[in-house]
$ cat structure_9.txt   # compact mmCIF, C-alpha atoms
# COMPACT_ATOMS: atom_id res chain seq x y z
CA MET A 4 0.00 0.00 0.00
CA GLN A 5 3.04 2.30 -0.04
CA GLN A 6 3.04 5.04 -2.67
CA ASP A 7 6.04 6.73 -4.22
CA LEU A 8 4.82 10.32 -4.68
CA THR A 9 7.92 11.34 -6.65
CA THR A 10 6.60 9.82 -9.89
CA GLY A 11 3.34 9.73 -11.85
CA ASN A 12 0.48 12.19 -12.40
CA ILE A 13 0.79 14.86 -9.70
CA THR A 14 -2.88 15.68 -9.11
CA LYS A 15 -4.02 12.06 -9.21
CA LYS A 16 -1.23 10.94 -6.90
CA MET A 17 -1.95 13.69 -4.37
CA LEU A 18 -5.68 13.04 -4.37
CA ALA A 19 -5.27 9.24 -4.18
CA PHE A 20 -3.00 9.72 -1.17
CA ALA A 21 -5.07 12.49 0.42
CA VAL A 22 -8.56 10.95 0.21
CA PRO A 23 -7.92 8.16 2.78
CA MET A 24 -6.34 10.76 5.10
CA ILE A 25 -9.39 13.00 4.71
CA LEU A 26 -11.78 10.14 5.35
CA GLY A 27 -9.66 9.01 8.29
CA ASN A 28 -9.67 12.34 10.06
CA LEU A 29 -13.34 12.88 9.36
CA LEU A 30 -13.92 9.58 11.12
CA GLN A 31 -11.62 10.69 13.93
CA GLN A 32 -13.92 13.64 14.51
CA PHE A 33 -16.63 11.12 15.39
CA TYR A 34 -14.73 10.36 18.61
CA ASN A 35 -15.97 13.62 20.06
CA ILE A 36 -18.88 14.33 17.75
CA ALA A 37 -20.52 11.08 18.87
CA ASP A 38 -20.11 12.20 22.47
CA THR A 39 -21.48 15.64 21.64
CA LEU A 40 -24.45 14.31 19.68
CA VAL A 41 -25.59 11.76 22.24
CA VAL A 42 -24.78 13.98 25.23
CA GLY A 43 -26.51 17.03 23.73
CA GLN A 44 -29.67 15.14 22.87
CA PHE A 45 -30.00 13.00 26.01
CA LEU A 46 -28.05 14.59 28.90
CA GLY A 47 -28.79 18.31 28.51
CA ALA A 48 -27.00 21.65 28.08
CA ASN A 49 -24.71 21.38 31.14
CA ALA A 50 -23.37 18.01 30.07
CA LEU A 51 -22.95 19.29 26.49
CA ALA A 52 -21.04 22.33 27.72
CA ALA A 53 -18.76 20.07 29.79
CA VAL A 54 -18.00 17.71 26.90
CA GLY A 55 -17.47 20.63 24.51
CA SER A 56 -15.07 22.41 26.84
CA SER A 57 -13.27 19.11 27.50
CA TYR A 58 -12.93 18.59 23.75
CA THR A 59 -11.10 21.90 23.41
CA LEU A 60 -8.76 20.93 26.25
CA MET A 61 -8.11 17.45 24.85
CA THR A 62 -7.51 18.90 21.39
CA PHE A 63 -4.80 21.10 22.88
CA LEU A 64 -3.15 18.21 24.73
CA THR A 65 -3.28 15.76 21.84
CA SER A 66 -2.06 18.48 19.46
CA ILE A 67 1.27 18.32 21.29
CA LEU A 68 1.60 14.63 20.43
CA LEU A 69 0.18 15.14 16.95
CA GLY A 70 2.69 17.91 16.26
CA LEU A 71 5.59 15.73 17.39
CA CYS A 72 4.37 12.87 15.16
CA MET A 73 3.81 15.17 12.17
CA GLY A 74 7.29 16.67 12.53
CA SER A 75 8.86 13.23 12.67
CA GLY A 76 6.72 12.22 9.70
CA ALA A 77 8.26 15.01 7.63
CA VAL A 78 11.73 13.61 8.39
CA PHE A 79 10.56 10.10 7.50
CA SER A 80 9.09 11.36 4.20
CA ILE A 81 12.29 13.12 3.17
CA GLN A 82 14.33 10.00 3.97
CA TYR A 83 11.86 7.85 2.04
CA GLY A 84 12.21 10.22 -0.94
CA GLN A 85 15.98 9.77 -0.66
CA LYS A 86 15.43 5.94 -0.60
CA ASP A 87 17.43 5.73 2.65
CA MET A 88 15.41 3.07 4.50
CA GLU A 89 18.17 2.27 7.03
CA ARG A 90 18.24 5.86 8.19
CA LEU A 91 14.45 5.94 8.24
CA ARG A 92 14.28 2.92 10.58
CA HIS A 93 16.80 4.47 12.94
CA SER A 94 14.97 7.80 12.90
CA SER A 95 11.71 6.03 13.72
CA PHE A 96 13.31 4.48 16.82
CA VAL A 97 14.67 7.84 18.03
CA SER A 98 11.34 9.53 17.36
CA PHE A 99 9.35 6.86 19.21
CA LEU A 100 11.46 7.25 22.35
CA LEU A 101 11.22 11.04 22.38
CA ILE A 102 7.47 11.20 21.78
CA ALA A 103 6.69 8.37 24.23
CA LEU A 104 8.53 10.30 26.93
CA VAL A 105 6.50 13.44 26.18
CA ALA A 106 3.25 11.43 26.26
CA LEU A 107 4.15 10.09 29.71
CA VAL A 108 4.90 13.58 31.03
CA ILE A 109 1.60 14.92 29.66
CA ASN A 110 -0.33 12.12 31.36
CA VAL A 111 1.23 12.89 34.73
CA ILE A 112 0.68 16.65 34.41
CA VAL A 113 -2.99 16.47 33.44
CA PHE A 114 -3.93 14.03 36.18
CA VAL A 115 -2.16 16.09 38.85
CA GLY A 116 -3.36 19.45 37.56
CA MET A 117 -6.95 18.66 36.55
CA ASN A 118 -8.69 21.03 38.97
CA PRO A 119 -6.39 24.03 38.30
CA ILE A 120 -6.92 23.47 34.57
CA ILE A 121 -10.71 23.51 34.97
CA SER A 122 -10.42 26.68 37.05
CA LEU A 123 -8.25 28.33 34.38
CA LEU A 124 -10.93 27.62 31.77
CA GLN A 125 -13.49 29.61 33.82
CA VAL A 126 -15.97 26.73 33.73
CA PRO A 127 -19.33 27.66 35.35
CA THR A 128 -19.95 26.02 38.72
CA ASP A 129 -22.90 23.96 37.50
CA VAL A 130 -20.78 22.47 34.69
CA VAL A 131 -17.68 21.59 36.78
CA PRO A 132 -18.91 18.20 38.15
CA TYR A 133 -19.75 16.97 34.65
CA MET A 134 -16.36 18.07 33.33
CA GLN A 135 -14.49 16.40 36.19
CA ASP A 136 -16.30 13.11 35.59
CA TYR A 137 -15.54 13.27 31.87
CA LEU A 138 -11.87 14.25 32.15
CA GLN A 139 -10.98 11.68 34.82
CA VAL A 140 -11.68 8.98 32.23
CA ILE A 141 -10.76 10.66 28.95
CA PHE A 142 -7.20 11.42 30.08
CA ILE A 143 -6.52 7.67 30.18
CA GLY A 144 -6.66 7.61 26.38
CA ILE A 145 -3.64 9.89 25.84
CA GLY A 146 -1.28 6.92 25.48
CA PHE A 147 -3.53 5.32 22.87
CA THR A 148 -3.68 8.63 20.99
CA PHE A 149 0.12 8.67 20.88
CA LEU A 150 0.34 5.14 19.49
CA TYR A 151 -2.20 5.77 16.75
CA ASN A 152 -0.78 9.12 15.61
CA TYR A 153 2.82 7.92 15.71
CA PHE A 154 2.32 4.83 13.58
CA ALA A 155 -0.16 6.60 11.30
CA SER A 156 2.48 9.29 10.63
CA LEU A 157 5.08 6.61 9.92
CA LEU A 158 2.82 4.82 7.45
CA ARG A 159 1.77 8.03 5.72
CA ALA A 160 5.39 9.10 5.38
CA VAL A 161 5.96 6.11 3.08
CA GLY A 162 2.76 6.76 1.15
CA ASN A 163 0.40 4.41 3.00
CA SER A 164 -2.70 6.40 3.96
CA MET A 165 -5.18 3.51 3.68
CA VAL A 166 -4.30 1.45 6.76
CA PRO A 167 -4.73 4.36 9.22
CA LEU A 168 -8.18 4.89 7.68
CA VAL A 169 -9.18 1.26 8.29
CA PHE A 170 -8.28 1.38 11.98
CA LEU A 171 -10.06 4.70 12.44
CA ALA A 172 -13.18 3.41 10.71
CA VAL A 173 -13.39 0.43 13.07
CA SER A 174 -12.77 2.52 16.18
CA ALA A 175 -15.18 5.29 15.13
CA LEU A 176 -18.03 2.85 14.63
CA LEU A 177 -17.16 1.20 17.94
CA ASN A 178 -17.17 4.59 19.67
CA ILE A 179 -20.62 5.47 18.39
CA GLY A 180 -22.07 2.10 19.36
CA LEU A 181 -20.55 2.22 22.85
CA ASP A 182 -21.75 5.81 23.35
CA ILE A 183 -25.34 4.79 22.78
CA TRP A 184 -25.01 1.64 24.87
CA PHE A 185 -23.28 3.23 27.88
CA ILE A 186 -25.46 6.38 28.00
CA LEU A 187 -28.91 5.09 27.02
CA ASP A 188 -28.81 1.55 28.41
CA PHE A 189 -26.34 1.76 31.31
CA HIS A 190 -27.15 5.42 32.21
CA TRP A 191 -23.48 6.21 32.90
CA GLY A 192 -23.86 9.85 31.79
CA VAL A 193 -20.81 11.78 30.62
CA THR A 194 -18.56 9.13 32.18
CA GLY A 195 -20.02 6.58 29.77
CA ALA A 196 -19.24 8.85 26.81
CA ALA A 197 -15.65 9.15 27.99
CA ILE A 198 -15.28 5.38 28.51
CA ALA A 199 -16.59 4.76 24.99
CA THR A 200 -14.03 7.15 23.51
CA VAL A 201 -11.11 5.65 25.44
CA ILE A 202 -12.02 2.09 24.40
CA ALA A 203 -12.26 3.19 20.76
CA GLN A 204 -8.91 4.99 20.99
CA GLY A 205 -7.37 1.84 22.47
CA VAL A 206 -8.59 -0.25 19.55
CA SER A 207 -7.09 2.11 16.95
CA GLY A 208 -3.82 2.72 18.83
CA ILE A 209 -3.01 -0.87 19.75
CA GLY A 210 -4.35 -2.21 16.44
CA ILE A 211 -2.19 -0.03 14.21
CA THR A 212 0.87 -0.76 16.37
CA ILE A 213 0.43 -4.51 15.89
CA TYR A 214 -0.14 -4.03 12.16
CA VAL A 215 3.11 -2.09 11.59
CA LEU A 216 5.20 -4.52 13.66
CA TRP A 217 3.69 -7.55 11.95
CA LYS A 218 2.93 -6.51 8.37
CA CYS A 219 5.58 -3.89 7.49
CA PRO A 220 9.04 -5.51 7.40
CA SER A 221 10.50 -2.52 5.56
CA LEU A 222 9.71 -0.36 8.60
CA ARG A 223 10.62 -2.91 11.25
CA VAL A 224 13.37 -1.72 13.57
CA GLY A 225 16.24 -4.15 14.22
CA LYS A 226 18.95 -4.26 16.89
CA ARG A 227 21.32 -2.28 14.67
CA HIS A 228 18.91 0.67 14.76
CA LEU A 229 18.56 0.79 18.56
CA TYR A 230 20.97 3.56 19.45
CA LEU A 231 20.91 7.31 20.03
CA ASP A 232 23.26 9.59 18.13
CA LYS A 233 23.54 13.35 18.29
CA ALA A 234 22.74 13.99 14.62
CA SER A 235 19.52 11.94 14.56
CA VAL A 236 18.32 13.26 17.91
CA LYS A 237 18.96 16.83 16.75
CA GLU A 238 17.19 16.36 13.42
CA ILE A 239 14.14 14.61 14.91
CA SER A 240 13.96 17.06 17.81
CA GLN A 241 14.16 20.12 15.56
CA TYR A 242 11.39 18.96 13.26
CA SER A 243 9.21 17.37 15.92
CA PHE A 244 9.36 20.08 18.54
CA LEU A 245 8.94 22.97 16.12
CA THR A 246 5.90 21.26 14.60
CA CYS A 247 4.72 20.48 18.12
CA ILE A 248 5.04 24.16 19.04
CA GLN A 249 3.09 25.07 15.91
CA GLN A 250 0.28 22.64 16.74
CA SER A 251 0.18 23.42 20.45
CA VAL A 252 0.30 27.19 19.94
CA MET A 253 -2.59 26.84 17.52
CA ASN A 254 -4.65 24.88 20.00
CA PHE A 255 -3.52 26.90 23.02
CA GLY A 256 -4.95 29.95 21.27
CA ILE A 257 -8.20 28.05 20.81
CA LEU A 258 -8.08 27.09 24.49
CA MET A 259 -7.65 30.76 25.46
CA VAL A 260 -10.66 31.62 23.34
CA GLN A 261 -12.58 28.79 25.03
CA GLY A 262 -11.94 30.44 28.40
CA LEU A 263 -13.32 33.72 27.06
CA VAL A 264 -16.35 31.93 25.58
CA ASN A 265 -17.02 30.25 28.94
CA SER A 266 -17.24 33.65 30.62
CA PHE A 267 -20.39 34.40 28.57
CA GLY A 268 -22.35 31.58 30.25
CA THR A 269 -23.76 28.13 29.53
CA ALA A 270 -25.81 29.08 26.44
CA VAL A 271 -22.79 30.47 24.59
CA MET A 272 -20.66 27.53 25.79
CA ALA A 273 -23.17 25.01 24.45
CA ALA A 274 -23.54 26.86 21.13
CA PHE A 275 -19.77 27.09 20.74
CA ALA A 276 -19.35 23.39 21.63
CA ALA A 277 -21.73 22.33 18.85
CA ALA A 278 -20.66 24.92 16.29
CA VAL A 279 -16.95 24.17 16.70
CA LYS A 280 -17.62 20.50 15.94
CA ILE A 281 -19.39 21.49 12.73
CA ASP A 282 -16.70 24.03 11.90
CA SER A 283 -13.88 21.55 12.44
CA PHE A 284 -15.70 18.89 10.48
CA ALA A 285 -16.25 21.31 7.58
CA TYR A 286 -12.64 22.38 7.06
CA MET A 287 -11.02 19.14 8.23
CA PRO A 288 -10.63 17.86 4.63
CA ALA A 289 -8.61 20.99 3.77
CA GLN A 290 -6.42 20.40 6.82
CA ASP A 291 -5.86 16.77 5.91
CA PHE A 292 -5.15 17.65 2.30
CA GLY A 293 -2.54 20.08 3.62
CA ASN A 294 -0.90 17.21 5.53
CA ALA A 295 -1.01 14.97 2.44
CA PHE A 296 0.43 17.83 0.40
CA SER A 297 3.24 18.09 2.97
CA THR A 298 4.13 14.41 2.47
CA PHE A 299 4.12 14.93 -1.31
CA ILE A 300 6.44 17.93 -1.01
CA ALA A 301 8.73 16.18 1.50
CA GLN A 302 9.20 13.07 -0.64
CA ASN A 303 9.98 15.21 -3.69
CA TYR A 304 12.21 17.48 -1.62
CA GLY A 305 14.20 14.41 -0.58
CA ALA A 306 14.33 13.31 -4.23
CA ARG A 307 15.39 16.88 -5.22
CA LYS A 308 12.61 17.29 -7.81
CA SER A 309 12.07 21.06 -7.79
CA GLU A 310 9.93 21.23 -10.93
CA ARG A 311 7.54 18.58 -9.57
CA ILE A 312 7.28 20.50 -6.30
CA GLN A 313 6.27 23.71 -8.09
CA LYS A 314 3.66 21.91 -10.17
CA GLY A 315 2.36 20.23 -7.02
CA ILE A 316 1.92 23.60 -5.31
CA HIS A 317 -0.16 24.99 -8.19
CA SER A 318 -2.34 21.88 -8.27
CA ALA A 319 -2.86 21.88 -4.49
CA VAL A 320 -3.94 25.52 -4.37
CA LYS A 321 -6.60 24.94 -7.03
CA ILE A 322 -7.95 21.86 -5.24
CA VAL A 323 -8.14 23.55 -1.83
CA LEU A 324 -9.78 26.74 -3.09
CA LEU A 325 -12.44 24.82 -5.02
CA PHE A 326 -13.24 22.65 -2.00
CA CYS A 327 -13.37 25.57 0.43
CA VAL A 328 -15.74 27.59 -1.74
CA ILE A 329 -18.18 24.66 -1.96
CA ILE A 330 -18.03 24.01 1.80
CA SER A 331 -18.41 27.71 2.63
CA VAL A 332 -21.63 27.92 0.66
CA GLY A 333 -22.97 24.73 2.24
CA VAL A 334 -22.24 25.79 5.83
CA PHE A 335 -23.66 29.29 5.32
CA VAL A 336 -26.90 28.03 3.82
CA PHE A 337 -27.48 25.04 6.13
CA ALA A 338 -26.09 26.49 9.38
CA LYS A 339 -29.39 26.17 11.30
CA TRP A 340 -30.00 22.57 10.20
CA LEU A 341 -26.43 21.66 11.12
CA MET A 342 -26.94 23.07 14.63
CA LEU A 343 -30.13 21.04 14.99
CA ILE A 344 -28.08 17.87 14.68
CA PHE A 345 -26.66 18.63 18.13
CA ILE A 346 -29.21 20.91 19.77
CA GLN A 347 -32.89 20.34 20.49
CA PRO A 348 -35.24 22.66 18.50
CA GLN A 349 -36.60 24.38 21.63
CA GLU A 350 -33.11 25.68 22.53
CA THR A 351 -33.59 28.69 20.25
CA GLU A 352 -30.98 30.92 21.91
CA ILE A 353 -28.23 28.31 21.61
CA ILE A 354 -29.14 27.62 17.97
CA ALA A 355 -29.12 31.33 17.07
CA ILE A 356 -25.67 31.85 18.60
CA GLY A 357 -24.30 28.79 16.80
CA VAL A 358 -25.74 29.88 13.43
CA GLN A 359 -24.13 33.30 13.84
CA TYR A 360 -20.75 31.69 14.52
CA LEU A 361 -20.98 29.29 11.58
CA ARG A 362 -21.95 31.95 9.05
CA ILE A 363 -19.06 34.20 10.02
CA GLU A 364 -16.44 31.44 10.06
CA GLY A 365 -17.85 29.57 7.08
CA THR A 366 -17.54 32.56 4.79
CA PHE A 367 -13.75 32.51 5.16
CA TYR A 368 -12.82 28.83 4.83
CA CYS A 369 -10.54 29.65 1.88
CA GLY A 370 -8.34 31.50 4.38
CA ILE A 371 -7.82 28.50 6.64
CA GLY A 372 -7.48 26.18 3.61
CA CYS A 373 -4.53 28.15 2.21
CA LEU A 374 -3.00 28.40 5.68
CA PHE A 375 -2.94 24.60 5.97
CA LEU A 376 -1.04 24.44 2.66
CA PHE A 377 1.53 26.92 3.95
CA TYR A 378 1.98 24.86 7.13
CA GLY A 379 2.55 21.70 5.08
CA LEU A 380 4.86 23.39 2.58
CA TYR A 381 7.26 24.89 5.10
CA ARG A 382 7.31 21.77 7.27
CA ALA A 383 8.26 19.65 4.23
CA MET A 384 10.94 22.03 2.96
CA ARG A 385 12.96 22.03 6.19
CA LYS A 386 11.49 25.32 7.42
CA PRO A 387 9.20 24.21 10.27
CA GLY A 388 10.00 27.42 12.13
CA MET A 389 8.05 29.37 9.51
CA SER A 390 4.96 27.28 10.26
CA VAL A 391 5.33 28.36 13.89
CA VAL A 392 5.55 32.02 12.83
CA LEU A 393 2.36 31.75 10.78
CA THR A 394 0.57 30.02 13.64
CA VAL A 395 1.61 32.71 16.11
CA ILE A 396 0.35 35.39 13.74
CA SER A 397 -2.96 33.62 13.16
CA LEU A 398 -3.64 32.64 16.77
CA GLY A 399 -2.08 35.72 18.33
CA THR A 400 -4.37 37.91 16.26
CA ARG A 401 -7.34 35.72 17.16
CA VAL A 402 -6.73 35.82 20.91
CA VAL A 403 -5.85 39.51 21.18
CA LEU A 404 -8.72 40.67 18.98
CA ALA A 405 -11.17 38.31 20.70
CA TYR A 406 -10.44 39.77 24.13
CA ILE A 407 -10.45 43.36 22.87
CA LEU A 408 -13.65 43.11 20.82
CA ALA A 409 -15.55 40.98 23.34
CA ALA A 410 -14.96 43.65 25.98
CA ILE A 411 -16.86 46.21 23.89
CA PRO A 412 -20.53 46.05 25.00
CA ALA A 413 -21.84 46.82 21.51
CA VAL A 414 -19.83 43.95 20.03
CA GLY A 415 -19.71 41.25 22.72
CA VAL A 416 -19.37 37.61 21.73
CA VAL A 417 -19.58 38.41 17.99
CA GLY A 418 -16.10 39.92 18.29
CA ILE A 419 -14.74 36.48 19.19
CA TRP A 420 -16.22 35.02 16.01
CA TRP A 421 -14.78 37.78 13.75
CA SER A 422 -11.29 37.58 15.27
CA ILE A 423 -10.78 34.09 13.86
CA PRO A 424 -10.95 34.74 10.06
CA ILE A 425 -9.00 37.99 10.48
CA GLY A 426 -6.15 35.92 11.93
CA TRP A 427 -6.33 33.46 9.03
CA VAL A 428 -6.04 36.19 6.40
CA LEU A 429 -3.09 37.96 8.05
CA ALA A 430 -1.14 34.69 8.34
CA ASP A 431 -1.87 33.84 4.67
CA LEU A 432 -0.44 37.17 3.54
CA VAL A 433 2.76 36.65 5.52
CA GLY A 434 3.09 33.06 4.24
CA TYR A 435 2.63 34.14 0.62
CA PHE A 436 5.14 37.00 0.68
CA TYR A 437 7.72 34.85 2.49
CA TYR A 438 7.40 32.15 -0.18
CA LYS A 439 7.60 34.72 -2.95
CA GLY A 440 10.81 36.14 -1.45
CA LYS A 441 12.50 32.77 -0.79
CA ARG A 442 11.26 30.77 -3.79
CA LYS A 443 14.31 31.28 -6.02
CA GLN A 444 16.74 30.44 -3.23
CA ILE A 445 14.87 27.26 -2.26
CA TYR A 446 14.71 25.82 -5.76
CA GLN A 447 18.28 26.72 -6.64
CA SER A 448 19.48 24.73 -3.60
CA LEU A 449 17.59 21.67 -4.88
CA ASP A 450 18.87 21.99 -8.46
CA ASN A 451 22.53 22.36 -7.46

$ encode --input "structure_9.txt" --output "structure tokens"
Amino acid sequence: MQQDLTTGNITKKMLAFAVPMILGNLLQQFYNIADTLVVGQFLGANALAAVGSSYTLMTFLTSILLGLCMGSGAVFSIQYGQKDMERLRHSSFVSFLLIALVALVINVIVFVGMNPIISLLQVPTDVVPYMQDYLQVIFIGIGFTFLYNYFASLLRAVGNSMVPLVFLAVSALLNIGLDIWFILDFHWGVTGAAIATVIAQGVSGIGITIYVLWKCPSLRVGKRHLYLDKASVKEISQYSFLTCIQQSVMNFGILMVQGLVNSFGTAVMAAFAAAVKIDSFAYMPAQDFGNAFSTFIAQNYGARKSERIQKGIHSAVKIVLLFCVIISVGVFVFAKWLMLIFIQPQETEIIAIGVQYLRIEGTFYCGIGCLFLFYGLYRAMRKPGMSVVLTVISLGTRVVLAYILAAIPAVGVVGIWWSIPIGWVLADLVGYFYYKGKRKQIYQSLDN
């Protein structure tokens, strides 16, 4: 199932590689969407607010691991493009040790600091018990999240995007079934939703680990690869931790916004919880295409194929813009019906707030789509620091503007919604002009 992205039709190869990644991450969204759907319909607004706020927190924590895995994946892709499988196996060993250590530290920190974290998020008093019950269980799944994302990144680096999809499909269906069973039949409340998610994460994480060790001899690490050397540790650390910073800064900004949203009360929290799920689901394909695009660029960067890289960029931009325009129209038109998936019809205030959010964000999906391409491009071309810069610009603008505008009585919560696309557009402009200024230098280094 491995694909060499350095040969063949560029658009077809990118789409064939990207589609399983898109489907996989759409399924991954069901981990929390299933919780949100069942909780919102059967456990009420307080439980929904707790799960939604927990989702934002968990997204931040798992983004640290995801960033580390994505950074390592870029290194793996470049080495695969260079056809240096021995170096790739050694790098995978070094990467696994580093990321496993970080996952362990995260687990300890979140269990010890749960109550201070909830306090920092300004969670309303009536929501706190629900959130505590949910988080006490959901944190157990961090190790499973590491396993899945690590081995999925390794497989995708060598062009295999289908196997991660299969494991996610199984676990997503399992999660939905267990949600319904634990909440409706066992009456375990938000704790049942969390248990369902952790079991599903365990299936995908352990399953994909066994698959790689058993079915992928070309990736199997031998005794000769089990050592640490300064050069490999430095390379993996640079890529992984810069990408980790980019991902965690992005989600820390979202977490800061979540705290501001919480200060507006349960109705806004519940609306935001549902709308963010829809929002994330809507632009997730663009994000995943950006990650697939990054693998394409990295393999060709390793193979030193500058002309193919430039053609790939032009093709990717066209694909992302077309997709984002279609999704923007769909979300704007069907915003109310999308909110009704999660919220009961009589909750008119919550629905109205969610519709307002979706129509503002949905109009500007082209901005976030292009930003994902910039992230993938710079990560693949050995400039992960630039991805961090763009993230800081995007999220920094979002957080600062959100707090400033929300404090104006005439603007209020709407200011939070408008701050998000403004951040996207500013980061896109910086990313474009940086590429324009460095393009000649980058391609000359590949051609020499």

$ residues_around --input "structure_9.txt" --residues "region 212-222 of chain A" --least-positions-apart "5" --cutoff "7 Å" --atoms "all atoms listed in the file" --output "list in words"
Arg92, Leu150 and Phe154 of chain A

$ closest_residue --input "structure_9.txt" --among "A:Ser94, A:Thr194, A:Gln139, A:Ser266" --to "Asp232 (chain A)" --atoms "only C-alpha atoms"
A:Ser94

$ atom_distance --input "structure_9.txt" --atom1 "CA of Leu104 (chain A)" --atom2 "CA of Arg382 (chain A)"
22.8 Å

$ atom_distance --input "structure_9.txt" --atom1 "CA of Ile329 (chain A)" --atom2 "CA of Ile257 (chain A)"
25.1 Å

$ residues_around --input "structure_9.txt" --residues "Gly146 (chain A)" --least-positions-apart "4" --cutoff "8 Å" --atoms "only C-alpha atoms" --output "list in words"
Ala106, Leu107, Asn110 and Leu150 of chain A

$ closest_residue --input "structure_9.txt" --among "A:Phe296, A:Glu310, A:Gly256, A:Ser318" --to "Gly426 (chain A)" --atoms "only C-alpha atoms"
A:Gly256

$ residues_around --input "structure_9.txt" --residues "Met389 (chain A)" --least-positions-apart "4" --cutoff "12 Å" --atoms "all atoms listed in the file" --output "list of chain:residue names"
A:Tyr242, A:Leu245, A:Thr246, A:Ile248, A:Gln249, A:Leu374, A:Phe377, A:Tyr378, A:Gly379, A:Leu380, A:Tyr381, A:Arg382, A:Ala383, A:Met384, A:Arg385, A:Leu393, A:Thr394, A:Val395, A:Ile396, A:Ala430, A:Asp431, A:Val433, A:Gly434, A:Tyr435, A:Tyr437, A:Tyr438, A:Lys441

$ closest_residue --input "structure_9.txt" --among "A:Gly365, A:Gly418, A:Gly225, A:Gly84" --to "Gly162 (chain A)" --atoms "all atoms listed in the file"
A:Gly84

$ residues_around --input "structure_9.txt" --residues "Ile316 (chain A)" --least-positions-apart "4" --cutoff "9 Å" --atoms "all atoms listed in the file" --output "list in words"
Phe296, Ile300, Arg311, Ile312, Val320, Lys321, Leu376 and Leu380 of chain A

$ atom_distance --input "structure_9.txt" --atom1 "CA of Gln125 (chain A)" --atom2 "CA of Leu51 (chain A)"
15.8 Å
